[in-house]
$ cat model-v1.pdb   # PDB, C-alpha atoms (C1' of nucleotides)
ATOM      1  CA  MET A   1      52.977  66.208  78.907
ATOM      2  CA  CYS A   2      50.065  66.318  81.283
ATOM      3  CA  ALA A   3      46.835  67.353  79.645
ATOM      4  CA  LYS A   4      46.033  64.655  77.152
ATOM      5  CA  GLN A   5      45.834  66.436  73.857
ATOM      6  CA  ILE A   6      44.046  64.319  71.326
ATOM      7  CA  LYS A   7      45.027  65.225  67.818
ATOM      8  CA  PRO A   8      43.451  62.715  65.520
ATOM      9  CA  LEU A   9      41.558  65.435  63.743
ATOM     10  CA  SER A  10      44.323  67.645  62.506
ATOM     11  CA  HIS A  11      46.253  64.537  61.628
ATOM     12  CA  GLY A  12      43.437  63.092  59.578
ATOM     13  CA  LEU A  13      42.519  66.366  57.975
ATOM     14  CA  LYS A  14      45.885  67.604  56.933
ATOM     15  CA  GLN A  15      46.763  64.427  55.143
ATOM     16  CA  LYS A  16      44.247  65.337  52.510
ATOM     17  CA  GLY A  17      44.858  69.062  52.388
ATOM     18  CA  HIS A  18      42.023  70.003  54.680
ATOM     19  CA  ARG A  19      42.423  72.459  57.515
ATOM     20  CA  SER A  20      41.977  71.883  61.168
ATOM     21  CA  THR A  21      39.559  74.471  62.447
ATOM     22  CA  ARG A  22      37.935  75.185  65.767
ATOM     23  CA  GLN A  23      34.543  74.353  64.274
ATOM     24  CA  ARG A  24      35.646  70.935  63.053
ATOM     25  CA  GLN A  25      37.383  70.123  66.318
ATOM     26  CA  ILE A  26      34.260  70.907  68.272
ATOM     27  CA  ILE A  27      31.938  69.101  65.875
ATOM     28  CA  LEU A  28      34.056  65.992  66.272
ATOM     29  CA  GLU A  29      34.188  66.332  70.036
ATOM     30  CA  GLU A  30      30.438  66.680  70.274
ATOM     31  CA  VAL A  31      29.828  63.582  68.203
ATOM     32  CA  GLN A  32      32.355  61.647  70.266
ATOM     33  CA  LYS A  33      30.739  62.851  73.465
ATOM     34  CA  ARG A  34      27.451  61.163  72.606
ATOM     35  CA  ALA A  35      26.628  57.497  72.325
ATOM     36  CA  SER A  36      23.163  58.472  71.163
ATOM     37  CA  HIS A  37      23.757  58.605  67.404
ATOM     38  CA  PRO A  38      22.849  62.290  67.141
ATOM     39  CA  ASN A  39      21.543  63.949  64.024
ATOM     40  CA  ALA A  40      22.938  67.126  62.495
ATOM     41  CA  THR A  41      20.585  69.414  64.394
ATOM     42  CA  GLU A  42      21.560  67.961  67.741
ATOM     43  CA  ILE A  43      25.219  68.502  66.941
ATOM     44  CA  TYR A  44      24.485  71.975  65.636
ATOM     45  CA  GLU A  45      22.838  72.934  68.898
ATOM     46  CA  ALA A  46      25.642  71.472  70.948
ATOM     47  CA  VAL A  47      28.283  73.256  68.899
ATOM     48  CA  ARG A  48      26.321  76.478  69.095
ATOM     49  CA  ARG A  49      26.582  76.408  72.871
ATOM     50  CA  ARG A  50      30.328  76.691  72.378
ATOM     51  CA  ILE A  51      30.468  78.784  69.201
ATOM     52  CA  PRO A  52      27.250  80.812  69.322
ATOM     53  CA  ASN A  53      27.289  82.007  65.747
ATOM     54  CA  VAL A  54      28.293  78.756  64.085
ATOM     55  CA  SER A  55      26.119  78.027  61.083
ATOM     56  CA  LEU A  56      24.139  74.928  60.322
ATOM     57  CA  GLY A  57      25.876  74.738  56.958
ATOM     58  CA  THR A  58      29.233  74.493  58.648
ATOM     59  CA  VAL A  59      27.997  71.684  60.838
ATOM     60  CA  TYR A  60      26.661  69.773  57.855
ATOM     61  CA  ARG A  61      29.873  70.322  55.939
ATOM     62  CA  GLY A  62      31.937  69.347  58.956
ATOM     63  CA  LEU A  63      29.982  66.175  59.647
ATOM     64  CA  GLY A  64      30.173  65.217  56.006
ATOM     65  CA  LEU A  65      33.908  65.718  55.876
ATOM     66  CA  LEU A  66      34.551  63.834  59.103
ATOM     67  CA  ALA A  67      32.471  60.939  57.820
ATOM     68  CA  GLU A  68      34.285  61.001  54.512
ATOM     69  CA  LEU A  69      37.623  60.862  56.290
ATOM     70  CA  GLY A  70      36.378  57.971  58.370
ATOM     71  CA  LEU A  71      36.641  59.787  61.692
ATOM     72  CA  ILE A  72      32.952  59.210  62.338
ATOM     73  CA  ARG A  73      30.318  56.968  60.777
ATOM     74  CA  ARG A  74      27.230  58.212  59.006
ATOM     75  CA  LEU A  75      24.018  56.324  59.602
ATOM     76  CA  GLU A  76      20.586  56.865  58.206
ATOM     77  CA  GLN A  77      17.413  56.533  60.175
ATOM     78  CA  ASP A  78      13.904  57.625  59.235
ATOM     79  CA  GLY A  79      15.254  59.465  56.251
ATOM     80  CA  SER A  80      17.669  61.647  58.135
ATOM     81  CA  ALA A  81      21.364  61.352  58.779
ATOM     82  CA  ARG A  82      22.753  60.358  62.144
ATOM     83  CA  PHE A  83      26.326  60.094  63.263
ATOM     84  CA  ASP A  84      28.251  57.598  65.307
ATOM     85  CA  SER A  85      31.768  57.962  66.637
ATOM     86  CA  ASN A  86      32.023  54.278  67.456
ATOM     87  CA  LEU A  87      34.289  53.127  64.682
ATOM     88  CA  SER A  88      34.578  49.528  65.735
ATOM     89  CA  GLU A  89      32.646  47.020  63.713
ATOM     90  CA  HIS A  90      29.199  46.773  65.186
ATOM     91  CA  TYR A  91      25.539  46.648  64.270
ATOM     92  CA  HIS A  92      22.530  48.589  65.411
ATOM     93  CA  LEU A  93      19.311  47.740  67.119
ATOM     94  CA  ILE A  94      16.534  50.214  66.428
ATOM     95  CA  CYS A  95      13.817  50.217  69.031
ATOM     96  CA  THR A  96      10.485  50.172  67.241
ATOM     97  CA  GLN A  97       8.940  52.120  70.083
ATOM     98  CA  CYS A  98      11.334  54.847  71.222
ATOM     99  CA  LYS A  99      13.279  54.840  67.910
ATOM    100  CA  GLY A 100      16.503  54.725  69.881
ATOM    101  CA  ILE A 101      19.576  53.263  68.217
ATOM    102  CA  PHE A 102      21.623  50.863  70.308
ATOM    103  CA  ASP A 103      25.032  49.552  69.455
ATOM    104  CA  ILE A 104      25.301  45.801  69.247
ATOM    105  CA  ASP A 105      28.690  44.260  68.818
ATOM    106  CA  THR A 106      29.475  41.711  66.189
ATOM    107  CA  SER A 107      29.080  38.804  68.541
ATOM    108  CA  ILE A 108      25.401  39.367  67.753
ATOM    109  CA  LEU A 109      25.546  36.654  65.162
ATOM    110  CA  GLU A 110      26.296  34.143  67.870
ATOM    111  CA  LYS A 111      23.775  35.685  70.183
ATOM    112  CA  LEU A 112      21.049  35.553  67.573
ATOM    113  CA  ASN A 113      21.373  31.824  67.483
ATOM    114  CA  THR A 114      21.614  31.352  71.193
ATOM    115  CA  HIS A 115      18.885  33.805  72.154
ATOM    116  CA  GLY A 116      21.530  35.729  74.004
ATOM    117  CA  LEU A 117      19.943  39.042  73.108
ATOM    118  CA  GLU A 118      16.748  38.153  74.846
ATOM    119  CA  ALA A 119      18.783  37.474  77.918
ATOM    120  CA  ASP A 120      20.114  41.026  77.533
ATOM    121  CA  GLY A 121      16.569  42.405  77.630
ATOM    122  CA  PHE A 122      16.142  43.061  73.927
ATOM    123  CA  GLU A 123      13.144  41.744  72.093
ATOM    124  CA  ILE A 124      13.905  41.217  68.420
ATOM    125  CA  ASN A 125      11.116  41.062  65.919
ATOM    126  CA  GLY A 126      12.766  41.901  62.675
ATOM    127  CA  LEU A 127      16.065  42.411  61.036
ATOM    128  CA  LYS A 128      17.314  44.259  58.049
ATOM    129  CA  LEU A 129      20.509  43.227  56.371
ATOM    130  CA  GLU A 130      22.147  45.340  53.731
ATOM    131  CA  LEU A 131      25.194  44.165  51.898
ATOM    132  CA  HIS A 132      27.288  46.825  50.264
ATOM    133  CA  GLY A 133      29.519  46.094  47.369
ATOM    134  CA  LEU A 134      29.571  45.831  43.610
ATOM    135  CA  CYS A 135      26.917  44.181  41.513
ATOM    136  CA  PRO A 136      28.070  41.934  38.683
ATOM    137  CA  SER A 137      27.858  44.589  35.988
ATOM    138  CA  CYS A 138      29.674  47.286  37.950
ATOM    139  CA  GLY A 139      32.267  44.754  39.043
ATOM    140  CA  ASN A 140      32.935  43.790  35.447
ATOM    141  CA  ALA A 141      33.076  47.382  34.265
ATOM    142  CA  ALA A 142      35.656  48.186  36.930
ATOM    143  CA  SER A 143      37.995  45.481  35.750
ATOM    144  CA  ASP A 144      37.964  46.606  32.123
TER     145      ASP A 144
ATOM    146  CA  MET B 145      -7.928  29.925  33.944
ATOM    147  CA  CYS B 146      -6.695  32.300  31.279
ATOM    148  CA  ALA B 147      -6.299  35.958  32.247
ATOM    149  CA  LYS B 148      -4.822  35.940  35.708
ATOM    150  CA  GLN B 149      -6.830  38.486  37.604
ATOM    151  CA  ILE B 150      -5.054  39.445  40.790
ATOM    152  CA  LYS B 151      -7.345  41.057  43.363
ATOM    153  CA  PRO B 152      -5.355  41.387  46.514
ATOM    154  CA  LEU B 153      -5.825  45.134  46.653
ATOM    155  CA  SER B 154      -9.545  45.513  47.117
ATOM    156  CA  HIS B 155      -9.400  42.617  49.502
ATOM    157  CA  GLY B 156      -6.690  44.144  51.634
ATOM    158  CA  LEU B 157      -8.139  47.625  51.529
ATOM    159  CA  LYS B 158     -11.709  46.935  52.337
ATOM    160  CA  GLN B 159     -10.844  44.954  55.392
ATOM    161  CA  LYS B 160      -9.819  48.149  57.099
ATOM    162  CA  GLY B 161     -12.461  50.476  55.719
ATOM    163  CA  HIS B 162     -10.323  51.828  52.914
ATOM    164  CA  ARG B 163     -11.634  52.135  49.394
ATOM    165  CA  SER B 164     -10.374  50.464  46.301
ATOM    166  CA  THR B 165      -9.704  53.162  43.765
ATOM    167  CA  ARG B 166      -8.272  53.261  40.292
ATOM    168  CA  GLN B 167      -5.321  55.281  41.581
ATOM    169  CA  ARG B 168      -4.429  52.742  44.241
ATOM    170  CA  GLN B 169      -4.845  49.816  41.864
ATOM    171  CA  ILE B 170      -2.481  51.377  39.404
ATOM    172  CA  ILE B 171       0.030  52.468  42.011
ATOM    173  CA  LEU B 172       0.187  48.886  43.249
ATOM    174  CA  GLU B 173       0.497  47.501  39.736
ATOM    175  CA  GLU B 174       3.322  49.835  38.912
ATOM    176  CA  VAL B 175       5.261  48.875  42.001
ATOM    177  CA  GLN B 176       4.693  45.196  41.277
ATOM    178  CA  LYS B 177       5.789  45.668  37.706
ATOM    179  CA  ARG B 178       9.260  46.765  38.752
ATOM    180  CA  ALA B 179      11.971  44.776  40.446
ATOM    181  CA  SER B 180      14.014  47.954  40.652
ATOM    182  CA  HIS B 181      12.855  49.253  44.033
ATOM    183  CA  PRO B 182      11.438  52.478  42.586
ATOM    184  CA  ASN B 183      11.045  55.680  44.523
ATOM    185  CA  ALA B 184       7.872  57.736  44.753
ATOM    186  CA  THR B 185       8.729  59.924  41.780
ATOM    187  CA  GLU B 186       9.300  56.949  39.511
ATOM    188  CA  ILE B 187       5.937  55.530  40.475
ATOM    189  CA  TYR B 188       4.324  58.922  40.085
ATOM    190  CA  GLU B 189       5.608  59.221  36.544
ATOM    191  CA  ALA B 190       4.522  55.706  35.673
ATOM    192  CA  VAL B 191       1.059  56.264  37.085
ATOM    193  CA  ARG B 192       0.798  59.575  35.309
ATOM    194  CA  ARG B 193       1.235  57.840  31.986
ATOM    195  CA  ARG B 194      -2.013  56.050  32.753
ATOM    196  CA  ILE B 195      -3.828  58.738  34.739
ATOM    197  CA  PRO B 196      -2.395  61.970  33.384
ATOM    198  CA  ASN B 197      -3.675  64.261  36.096
ATOM    199  CA  VAL B 198      -2.879  62.103  39.074
ATOM    200  CA  SER B 199      -1.203  64.075  41.801
ATOM    201  CA  LEU B 200       2.047  63.383  43.547
ATOM    202  CA  GLY B 201       0.250  63.642  46.867
ATOM    203  CA  THR B 202      -2.039  60.800  45.893
ATOM    204  CA  VAL B 203       0.915  58.659  44.960
ATOM    205  CA  TYR B 204       2.600  59.344  48.265
ATOM    206  CA  ARG B 205      -0.598  58.638  50.159
ATOM    207  CA  GLY B 206      -1.205  55.497  48.142
ATOM    208  CA  LEU B 207       2.287  54.132  48.601
ATOM    209  CA  GLY B 208       2.120  54.865  52.299
ATOM    210  CA  LEU B 209      -1.185  53.076  52.660
ATOM    211  CA  LEU B 210      -0.097  50.054  50.658
ATOM    212  CA  ALA B 211       3.015  49.781  52.769
ATOM    213  CA  GLU B 212       0.992  50.126  55.935
ATOM    214  CA  LEU B 213      -1.322  47.343  54.817
ATOM    215  CA  GLY B 214       1.674  45.197  54.017
ATOM    216  CA  LEU B 215       0.957  44.944  50.298
ATOM    217  CA  ILE B 216       4.366  46.414  49.517
ATOM    218  CA  ARG B 217       7.512  47.018  51.522
ATOM    219  CA  ARG B 218       8.998  50.430  52.178
ATOM    220  CA  LEU B 219      12.768  50.715  52.040
ATOM    221  CA  GLU B 220      15.001  53.662  52.604
ATOM    222  CA  GLN B 221      18.035  54.475  50.567
ATOM    223  CA  ASP B 222      20.080  57.663  50.415
ATOM    224  CA  GLY B 223      17.506  59.470  52.453
ATOM    225  CA  SER B 224      14.562  58.773  50.221
ATOM    226  CA  ALA B 225      11.878  56.138  50.286
ATOM    227  CA  ARG B 226      11.841  53.230  47.873
ATOM    228  CA  PHE B 227       9.290  50.500  47.460
ATOM    229  CA  ASP B 228       9.508  46.783  46.935
ATOM    230  CA  SER B 229       6.676  44.455  46.044
ATOM    231  CA  ASN B 230       8.715  41.374  46.895
ATOM    232  CA  LEU B 231       7.128  40.407  50.173
ATOM    233  CA  SER B 232       9.132  37.285  50.782
ATOM    234  CA  GLU B 233      11.832  37.481  53.397
ATOM    235  CA  HIS B 234      14.958  38.691  51.718
ATOM    236  CA  TYR B 235      17.814  41.103  52.095
ATOM    237  CA  HIS B 236      19.303  43.757  49.867
ATOM    238  CA  LEU B 237      22.605  44.345  48.244
ATOM    239  CA  ILE B 238      23.291  47.973  47.476
ATOM    240  CA  CYS B 239      25.847  48.499  44.756
ATOM    241  CA  THR B 240      28.270  51.141  45.921
ATOM    242  CA  GLN B 241      28.793  52.249  42.360
ATOM    243  CA  CYS B 242      25.459  52.311  40.534
ATOM    244  CA  LYS B 243      23.435  52.526  43.767
ATOM    245  CA  GLY B 244      21.217  49.756  42.495
ATOM    246  CA  ILE B 245      19.381  47.609  45.016
ATOM    247  CA  PHE B 246      19.430  43.874  44.403
ATOM    248  CA  ASP B 247      17.332  41.304  46.163
ATOM    249  CA  ILE B 248      19.251  38.611  47.942
ATOM    250  CA  ASP B 249      17.352  35.736  49.423
ATOM    251  CA  THR B 250      17.828  34.550  52.945
ATOM    252  CA  SER B 251      20.168  31.775  51.973
ATOM    253  CA  ILE B 252      22.665  34.616  51.920
ATOM    254  CA  LEU B 253      23.769  33.688  55.382
ATOM    255  CA  GLU B 254      25.000  30.403  54.067
ATOM    256  CA  LYS B 255      26.427  32.011  50.989
ATOM    257  CA  LEU B 256      28.337  34.551  53.024
ATOM    258  CA  ASN B 257      30.240  31.770  54.670
ATOM    259  CA  THR B 258      30.846  29.804  51.545
ATOM    260  CA  HIS B 259      31.755  32.727  49.312
ATOM    261  CA  GLY B 260      28.774  31.781  47.209
ATOM    262  CA  LEU B 261      28.006  35.401  46.468
ATOM    263  CA  GLU B 262      31.322  35.943  44.849
ATOM    264  CA  ALA B 263      30.529  33.044  42.626
ATOM    265  CA  ASP B 264      27.349  34.912  41.709
ATOM    266  CA  GLY B 265      29.411  37.902  40.594
ATOM    267  CA  PHE B 266      28.846  40.127  43.584
ATOM    268  CA  GLU B 267      31.734  41.703  45.371
ATOM    269  CA  ILE B 268      30.886  42.386  48.992
ATOM    270  CA  ASN B 269      32.853  44.909  50.930
ATOM    271  CA  GLY B 270      30.603  45.867  53.754
ATOM    272  CA  LEU B 271      27.438  44.967  55.470
ATOM    273  CA  LYS B 272      24.919  46.747  57.568
ATOM    274  CA  LEU B 273      22.753  44.837  59.937
ATOM    275  CA  GLU B 274      19.850  46.456  61.694
ATOM    276  CA  LEU B 275      17.851  44.612  64.260
ATOM    277  CA  HIS B 276      14.394  45.928  64.945
ATOM    278  CA  GLY B 277      12.636  45.300  68.194
ATOM    279  CA  LEU B 278      12.244  46.646  71.691
ATOM    280  CA  CYS B 279      15.043  47.892  73.864
ATOM    281  CA  PRO B 280      15.042  46.784  77.497
ATOM    282  CA  SER B 281      13.291  49.878  78.796
ATOM    283  CA  CYS B 282      10.529  49.913  76.197
ATOM    284  CA  GLY B 283      10.077  46.184  76.627
ATOM    285  CA  ASN B 284       9.603  46.619  80.340
ATOM    286  CA  ALA B 285       7.250  49.543  79.965
ATOM    287  CA  ALA B 286       5.086  47.515  77.601
ATOM    288  CA  SER B 287       4.625  44.739  80.104
ATOM    289  CA  ASP B 288       3.468  47.048  82.917
TER     290      ASP B 288
ATOM    291  C1'  DG C 289      49.454  86.073  50.906
ATOM    292  C1'  DT C 290      46.916  82.181  49.396
ATOM    293  C1'  DC C 291      43.383  79.167  49.323
ATOM    294  C1'  DG C 292      40.274  76.609  51.890
ATOM    295  C1'  DG C 293      36.571  77.396  55.567
ATOM    296  C1'  DT C 294      32.751  79.934  57.509
ATOM    297  C1'  DG C 295      28.336  82.482  58.096
ATOM    298  C1'  DC C 296      24.365  83.640  56.030
ATOM    299  C1'  DA C 297      20.538  83.015  53.309
ATOM    300  C1'  DA C 298      18.566  81.125  49.422
ATOM    301  C1'  DA C 299      17.742  77.002  47.024
ATOM    302  C1'  DC C 300      16.836  72.036  46.897
ATOM    303  C1'  DA C 301      14.841  67.431  47.169
ATOM    304  C1'  DC C 302      11.588  64.765  49.216
ATOM    305  C1'  DT C 303       7.395  64.371  51.688
ATOM    306  C1'  DT C 304       3.242  65.861  54.061
ATOM    307  C1'  DT C 305      -0.949  68.481  54.553
ATOM    308  C1'  DG C 306      -5.280  71.659  54.149
ATOM    309  C1'  DC C 307      -9.087  72.212  51.568
ATOM    310  C1'  DA C 308     -12.714  72.014  48.110
ATOM    311  C1'  DT C 309     -14.278  68.650  44.896
ATOM    312  C1'  DA C 310     -14.924  63.905  43.112
ATOM    313  C1'  DC C 311     -16.255  59.342  43.590
ATOM    314  C1'  DC C 312     -16.593  54.649  45.987
ATOM    315  C1'  DT C 313     -19.848  51.898  48.492
TER     316       DT C 313
ATOM    317  C1'  DA D 314     -26.281  60.172  50.759
ATOM    318  C1'  DG D 315     -22.222  59.976  53.409
ATOM    319  C1'  DG D 316     -17.729  59.949  54.024
ATOM    320  C1'  DT D 317     -13.257  58.653  52.117
ATOM    321  C1'  DA D 318      -9.966  59.744  48.344
ATOM    322  C1'  DT D 319      -8.233  62.971  45.086
ATOM    323  C1'  DG D 320      -6.069  67.135  42.871
ATOM    324  C1'  DC D 321      -3.835  71.095  43.689
ATOM    325  C1'  DA D 322      -0.882  74.040  45.886
ATOM    326  C1'  DA D 323       1.282  75.496  49.884
ATOM    327  C1'  DA D 324       3.970  74.296  53.723
ATOM    328  C1'  DG D 325       7.419  71.358  56.149
ATOM    329  C1'  DT D 326      11.746  68.969  56.950
ATOM    330  C1'  DG D 327      16.355  67.887  56.290
ATOM    331  C1'  DT D 328      20.240  69.066  53.540
ATOM    332  C1'  DT D 329      23.094  71.499  50.144
ATOM    333  C1'  DT D 330      25.039  75.487  47.925
ATOM    334  C1'  DG D 331      26.626  80.362  46.207
ATOM    335  C1'  DC D 332      29.013  84.033  47.689
ATOM    336  C1'  DA D 333      31.610  87.523  50.212
ATOM    337  C1'  DC D 334      34.438  87.629  54.111
ATOM    338  C1'  DC D 335      37.595  85.280  57.408
ATOM    339  C1'  DG D 336      41.368  82.662  59.059
ATOM    340  C1'  DA D 337      44.761  78.488  58.954
ATOM    341  C1'  DC D 338      49.035  77.481  57.103
TER     342       DC D 338
END

$ encode --input "model-v1.pdb" --output "structure tokens"
Amino acid sequence: MCAKQIKPLSHGLKQKGHRSTRQRQIILEEVQKRASHPNATEIYEAVRRRIPNVSLGTVYRGLGLLAELGLIRRLEQDGSARFDSNLSEHYHLICTQCKGIFDIDTSILEKLNTHGLEADGFEINGLKLELHGLCPSCGNAASD
Amino acid sequence: MCAKQIKPLSHGLKQKGHRSTRQRQIILEEVQKRASHPNATEIYEAVRRRIPNVSLGTVYRGLGLLAELGLIRRLEQDGSARFDSNLSEHYHLICTQCKGIFDIDTSILEKLNTHGLEADGFEINGLKLELHGLCPSCGNAASD
DNA sequence: GTCGGTGCAAACACTTTGCATACCT
DNA sequence: AGGTATGCAAAGTGTTTGCACCGAC
């Protein structure tokens, strides 16, 4: 009982009849290793350092499955997918200059009012809020 | 004061040395005509009904220019660009079922607290907040 | 052994771009 | 007239998919 063996993957996968494979393990590890919200190509290259002949298709399928199972989060930036292993509720700040994505925790709402973010060195000049849910007609259809 | 002749396009364009063309006029009109946040293909097809041999490239270039000049807003949904002629500050609700995009005005923040949106028939189950601005390192670099 | 996963390459969807011609100013 | 905008088609980018083989269970 020494080496800490994390097994959230096989657990999560097998529940739904999916298999735990070396590729999926490593894809998950590589996403978790980065706080940088990597895109599929970045993960592909990282995985390829460990499994040289892994295919890009496998990485895309793996990332998609992990996101579907809720083991990672899928973001979208500049029209391409990015992935985040931070599952806690948080928001993102996108730097308009370097295009970096920074995690901002939910206390942002307080900070926005108190100018706390400026104290943290961030300079906010716009925000985009998307609500996800059901519109009236889909909501009604669902309850038929 | 009968026929309302809107001329924001030529005004906006010429300021920066761009030309006012039939294609751009019609592209703008077609975006303004829709509250549905159309994508480039939808606009292309609408424009093509009026200028049958317009090219998709022209539509993309036109939409990009109009967005750059601030005459329309560019959104991003499911990895493809969408356009919105509603320039007032507002947010979006994306229906998880029909994928429709609905405009929500800024009083949403109040409504979120008071469950006012539910009264409007929307069922919210997630939100995505993106802040846009400068991260500490880009902010510092800019002030050098 | 079975059935889902992988590697590979082709196909896809969306968008951008190079170039000769057309047209706005 | 001069230079920007257009039409057309090709190229680019990011992502998905079909299929034969491979490997987890």

$ residues_around --input "model-v1.pdb" --residues "Lys128 (chain A)" --least-positions-apart "4" --cutoff "7 Å" --atoms "only C-alpha atoms (C1' of nucleotides)" --output "mmCIF file with C-alpha atoms, in the frame of the given file"
data_model
loop_
_atom_site.group_PDB
_atom_site.id
_atom_site.type_symbol
_atom_site.label_atom_id
_atom_site.label_comp_id
_atom_site.auth_asym_id
_atom_site.auth_seq_id
_atom_site.Cartn_x
_atom_site.Cartn_y
_atom_site.Cartn_z
ATOM 1 C CA TYR B 235 17.814 41.103 52.095
ATOM 2 C CA LEU B 273 22.753 44.837 59.937
ATOM 3 C CA GLU B 274 19.850 46.456 61.694
ATOM 4 C CA LEU B 275 17.851 44.612 64.260
#

$ closest_atom_pairs --input "model-v1.pdb" --of "region 162-275 of chain B" --to "region 290-306 of chain C" --cutoff "10 Å" --atoms "all atoms listed in the file" --output "JSON lines"
{"residue": "B:Ala184", "atom": "CA", "partner": "C:DC302", "partner_atom": "C1'", "distance": 9.1}
{"residue": "B:Thr185", "atom": "CA", "partner": "C:DC302", "partner_atom": "C1'", "distance": 9.3}
{"residue": "B:Leu200", "atom": "CA", "partner": "C:DT303", "partner_atom": "C1'", "distance": 9.8}
{"residue": "B:Gly201", "atom": "CA", "partner": "C:DT304", "partner_atom": "C1'", "distance": 8.1}
{"residue": "B:Tyr204", "atom": "CA", "partner": "C:DT303", "partner_atom": "C1'", "distance": 7.7}
{"residue": "B:Arg205", "atom": "CA", "partner": "C:DT304", "partner_atom": "C1'", "distance": 9.1}
{"residue": "B:Gly223", "atom": "CA", "partner": "C:DC302", "partner_atom": "C1'", "distance": 8.6}
{"residue": "B:Ser224", "atom": "CA", "partner": "C:DC302", "partner_atom": "C1'", "distance": 6.8}
{"residue": "B:Ala225", "atom": "CA", "partner": "C:DC302", "partner_atom": "C1'", "distance": 8.7}

$ write_last_selection --input "model-v1.pdb" --atoms "C-alpha atoms" --output "short mmCIF file (atom, residue, chain, number, x, y, z; two decimals), in the coordinates of the input"
data_model
loop_
_atom_site.label_atom_id
_atom_site.label_comp_id
_atom_site.auth_asym_id
_atom_site.auth_seq_id
_atom_site.Cartn_x
_atom_site.Cartn_y
_atom_site.Cartn_z
CA ALA B 184 7.87 57.74 44.75
CA THR B 185 8.73 59.92 41.78
CA LEU B 200 2.05 63.38 43.55
CA GLY B 201 0.25 63.64 46.87
CA TYR B 204 2.60 59.34 48.26
CA ARG B 205 -0.60 58.64 50.16
CA GLY B 223 17.51 59.47 52.45
CA SER B 224 14.56 58.77 50.22
CA ALA B 225 11.88 56.14 50.29
#

$ residues_near_point --input "model-v1.pdb" --point "(17.0, 53.7, 46.1)" --cutoff "8 Å" --atoms "all atoms listed in the file" --output "CSV table (one decimal) with C-alpha atoms, keeping the file's coordinate frame"
chain,number,residue,atom,x,y,z
B,181,HIS,CA,12.9,49.3,44.0
B,182,PRO,CA,11.4,52.5,42.6
B,183,ASN,CA,11.0,55.7,44.5
B,219,LEU,CA,12.8,50.7,52.0
B,220,GLU,CA,15.0,53.7,52.6
B,221,GLN,CA,18.0,54.5,50.6
B,222,ASP,CA,20.1,57.7,50.4
B,224,SER,CA,14.6,58.8,50.2
B,225,ALA,CA,11.9,56.1,50.3
B,226,ARG,CA,11.8,53.2,47.9
B,243,LYS,CA,23.4,52.5,43.8
B,244,GLY,CA,21.2,49.8,42.5
B,245,ILE,CA,19.4,47.6,45.0

$ closest_residue --input "model-v1.pdb" --among "D:DT328, D:DC335, D:DA323, D:DA318" --to "Arg166 (chain B)" --atoms "all atoms listed in the file"
D:DA318

$ resolve_selection --input "model-v1.pdb" --expression "the PyMOL selection byres ((chain A) within 8 of (chain C))" --output "ChimeraX atom specification"
/A:18-19,53-55,58

$ resolve_selection --input "model-v1.pdb" --expression "the PyMOL selection byres ((chain A) within 7 of (chain B))" --output "PDB file with C-alpha atoms, in the coordinates of the input"
ATOM      1  CA  GLY A  79      15.254  59.465  56.251  1.00  0.00           C
ATOM      2  CA  SER A  80      17.669  61.647  58.135  1.00  0.00           C
ATOM      3  CA  TYR A  91      25.539  46.648  64.270  1.00  0.00           C
ATOM      4  CA  HIS A  92      22.530  48.589  65.411  1.00  0.00           C
ATOM      5  CA  LEU A  93      19.311  47.740  67.119  1.00  0.00           C
ATOM      6  CA  ILE A  94      16.534  50.214  66.428  1.00  0.00           C
ATOM      7  CA  CYS A  95      13.817  50.217  69.031  1.00  0.00           C
ATOM      8  CA  THR A  96      10.485  50.172  67.241  1.00  0.00           C
ATOM      9  CA  GLN A  97       8.940  52.120  70.083  1.00  0.00           C
ATOM     10  CA  GLY A 121      16.569  42.405  77.630  1.00  0.00           C
ATOM     11  CA  PHE A 122      16.142  43.061  73.927  1.00  0.00           C
ATOM     12  CA  GLU A 123      13.144  41.744  72.093  1.00  0.00           C
ATOM     13  CA  ILE A 124      13.905  41.217  68.420  1.00  0.00           C
ATOM     14  CA  ASN A 125      11.116  41.062  65.919  1.00  0.00           C
ATOM     15  CA  GLY A 126      12.766  41.901  62.675  1.00  0.00           C
ATOM     16  CA  LEU A 127      16.065  42.411  61.036  1.00  0.00           C
ATOM     17  CA  LYS A 128      17.314  44.259  58.049  1.00  0.00           C
ATOM     18  CA  LEU A 129      20.509  43.227  56.371  1.00  0.00           C
ATOM     19  CA  GLU A 130      22.147  45.340  53.731  1.00  0.00           C
ATOM     20  CA  LEU A 131      25.194  44.165  51.898  1.00  0.00           C
ATOM     21  CA  HIS A 132      27.288  46.825  50.264  1.00  0.00           C
ATOM     22  CA  GLY A 133      29.519  46.094  47.369  1.00  0.00           C
ATOM     23  CA  LEU A 134      29.571  45.831  43.610  1.00  0.00           C
ATOM     24  CA  CYS A 135      26.917  44.181  41.513  1.00  0.00           C
ATOM     25  CA  PRO A 136      28.070  41.934  38.683  1.00  0.00           C
ATOM     26  CA  CYS A 138      29.674  47.286  37.950  1.00  0.00           C
TER      27      CYS A 138
END

$ resolve_selection --input "model-v1.pdb" --expression "the PyMOL selection byres ((chain D) within 8 of (chain B))" --output "ChimeraX atom specification"
/D:317-321

$ residues_around --input "model-v1.pdb" --residues "Gln32 (chain A)" --least-positions-apart "3" --cutoff "9 Å" --atoms "all atoms listed in the file" --output "VMD selection string"
chain A and resid 27 to 29 35 72 84 to 86

$ atom_distance --input "model-v1.pdb" --atom1 "CA of Ile43 (chain A)" --atom2 "CA of Arg218 (chain B)"
28.4 Å

$ atom_distance --input "model-v1.pdb" --atom1 "CA of Glu42 (chain A)" --atom2 "CA of Asp105 (chain A)"
24.8 Å

$ atom_distance --input "model-v1.pdb" --atom1 "CA of Lys177 (chain B)" --atom2 "CA of Ala190 (chain B)"
10.3 Å
